[in-house]
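Take a look at the structure below.
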There are 2 protein chains.
Amino acid sequence: MSTPLTSVSSDARLTTMGLLFESAAGLRRLFHRQAEMSGATANQSFDILIRLARSEENELRMSELAAQASLTPSGLTRAVDRLQQQGLVTRRSCPDDRRGSFAQLTPAGQAMMSEAIPEHLSQIDQILDDVFTPEEEAQLATYLRRLRDYALEQNRAAGITCDDGVASCPGDV
Amino acid sequence: MSTPLTSVSSDARLTTMGLLFESAAGLRRLFHRQAEMSGATANQSFDILIRLARSEENELRMSELAAQASLTPSGLTRAVDRLQQQGLVTRRSCPDDRRGSFAQLTPAGQAMMSEAIPEHLSQIDQILDDVFTPEEEAQLATYLRRLRDYALEQNRAAGITCDDGVASCPGDV
DNA sequence: CGGACTTGTTTGCTCACACAACTATATCAT
DNA sequence: ATGATATAGTTGTGTGAGCAAACAAGTCCG
């Protein structure tokens, strides 16, 4: 056997999915590179900081933040640990629910983000201006939003292992 | 200071970028979940296997494969190591350039992919059919392709540290 | 020919993330 | 109240990926 294992007709859709992952990976590198060049603002988990910066009181519940950043709870715990060590974030325990906590930007974190965000925004502006017309940009956003919501929904549905009384869960008798 | 650090006008574009990453992450999980459920076909670095399966002779140069899979050369070396241990891939040294090698699907790898790819394709069909009209799908693909090519180009340009004789490279006198 | 530089791949090291198990609080049924 | 279950978050452990340095083979002069 010496020929590819996919038919031409399926290739287009496979490629579309590939494009999604490749463009995301490519842009991630682009952002990472610029963040790195800006010296002081270089920080992995920039994603987390931005989401905090965009929130009321610059704080979010851990679980909410995990969902927004596409991290597992455990992954987020570690990420916030690191940011805390860097002095950019604090934990504030939730008064209404003593299980919960907020991650919150410290003044230092706010200061850093005040500097870093404009750079990031201008990089995004540049990219989008270079690649899309405003209409295309809006279209892309709606397409991606649909895709994200679909994936979110499907993952949520799959996460509920025994959603309607199915007894197929291993070990639950 | 108690208000978010971003203005409303910038939020849209920031969100668009967020959507790209979130949709990619969401779909990645969706695919991973299904792969996992299909038992035998469960395999991380499915991406790599698919790209091999889609290629002539089911083989690709390591560097080419790394680029396609958005991995660094080192990351790919390790990934291929693992796949080789699983018996799904072999290395074939390039006759024309003795530095280079090909990663190639073994018969076992081909067999596995013959089984796994149809499932994967049907999952993709389902997603795209659920979320987009054919025209929208085509549009999305062109948008993503532009974005990917842009990122590729920018990253490539940035990778060439001293592209036009700039003497700013540290330590090159 | 022979040394300087480039390119393709691999190795040493470190870090970040996921999964599973655990703790602590909350909620619900009886 | 009280025990069963669910939810929020943290910790132990393994794995995958990146960076930088090493290595090996090709290329480019002189």
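Naming works like this for the structure tokens: A, B, ... for the chains as they're shown, residue 1 at the start of each chain, ligands 1 onward in shown order.
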Quick check: residues of chain A within 8 Å of chain C, only C-alpha atoms (C1' of nucleotides), returned as a short mmCIF file (atom, residue, chain, number, x, y, z; two decimals) with C-alpha atoms, in the first residue's frame.
data_model
loop_
_atom_site.label_atom_id
_atom_site.label_comp_id
_atom_site.auth_asym_id
_atom_site.auth_seq_id
_atom_site.Cartn_x
_atom_site.Cartn_y
_atom_site.Cartn_z
CA THR A 72 -8.69 21.62 34.32
CA SER A 74 -5.86 21.12 38.83
CA GLY A 75 -4.10 22.90 36.01
CA ASP A 97 -19.28 29.68 49.97
CA ARG A 98 -16.37 28.68 52.09
CA ARG A 99 -15.34 25.97 49.65
#
Taking only chain A into account, list the residues labelled helix (DSSP H, G or I) by DSSP (computed from the backbone), as a PyMOL selection string.
chain A and resi 8-37+39-41+46-53+56-58+62-68+73-85+107-131+134-159
From a backbone DSSP assignment, name each residue in segment 27-172 of chain B labelled strand (DSSP E), as an NGL selection string.
:B and (59-61 or 89-93 or 101-105)
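Every protein or nucleic acid residue with an atom no more than 9 Å from Glu57 of chain B, counting only C-alpha atoms (C1' of nucleotides) and leaving out same-chain residues fewer than 3 positions away, appears here: Met1, Ser2, Thr3 and Pro4 of chain A; Leu52, Ala53, Arg54, Leu60, Gln104 and Leu105 of chain B.
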Can I get the residues of chain D within 9 Å of chain A, each with the closest pair of atoms and their distance in Å to one decimal, using only C-alpha atoms (C1' of nucleotides), sorted chain first then ascending number, as a tab-separated table?
residue	atom	partner	partner_atom	distance
D:DT7	C1'	A:Arg99	CA	8.4
D:DA8	C1'	A:Arg99	CA	5.2
D:DG9	C1'	A:Gly100	CA	7.0
D:DT10	C1'	A:Thr77	CA	7.2
D:DT11	C1'	A:Ser74	CA	8.9
Restricting it to C-alpha atoms (C1' of nucleotides), dump the selection as a PDB file, in the first residue's frame.
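Output file result-v7.pdb follows:
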ATOM      1  C1'  DT D   7     -19.411  20.591  44.573  1.00  0.00           C
ATOM      2  C1'  DA D   8     -14.934  23.605  45.026  1.00  0.00           C
ATOM      3  C1'  DG D   9     -10.445  23.275  45.243  1.00  0.00           C
ATOM      4  C1'  DT D  10      -5.779  21.106  46.269  1.00  0.00           C
ATOM      5  C1'  DT D  11      -2.142  17.415  46.077  1.00  0.00           C
TER       6       DT D  11
END
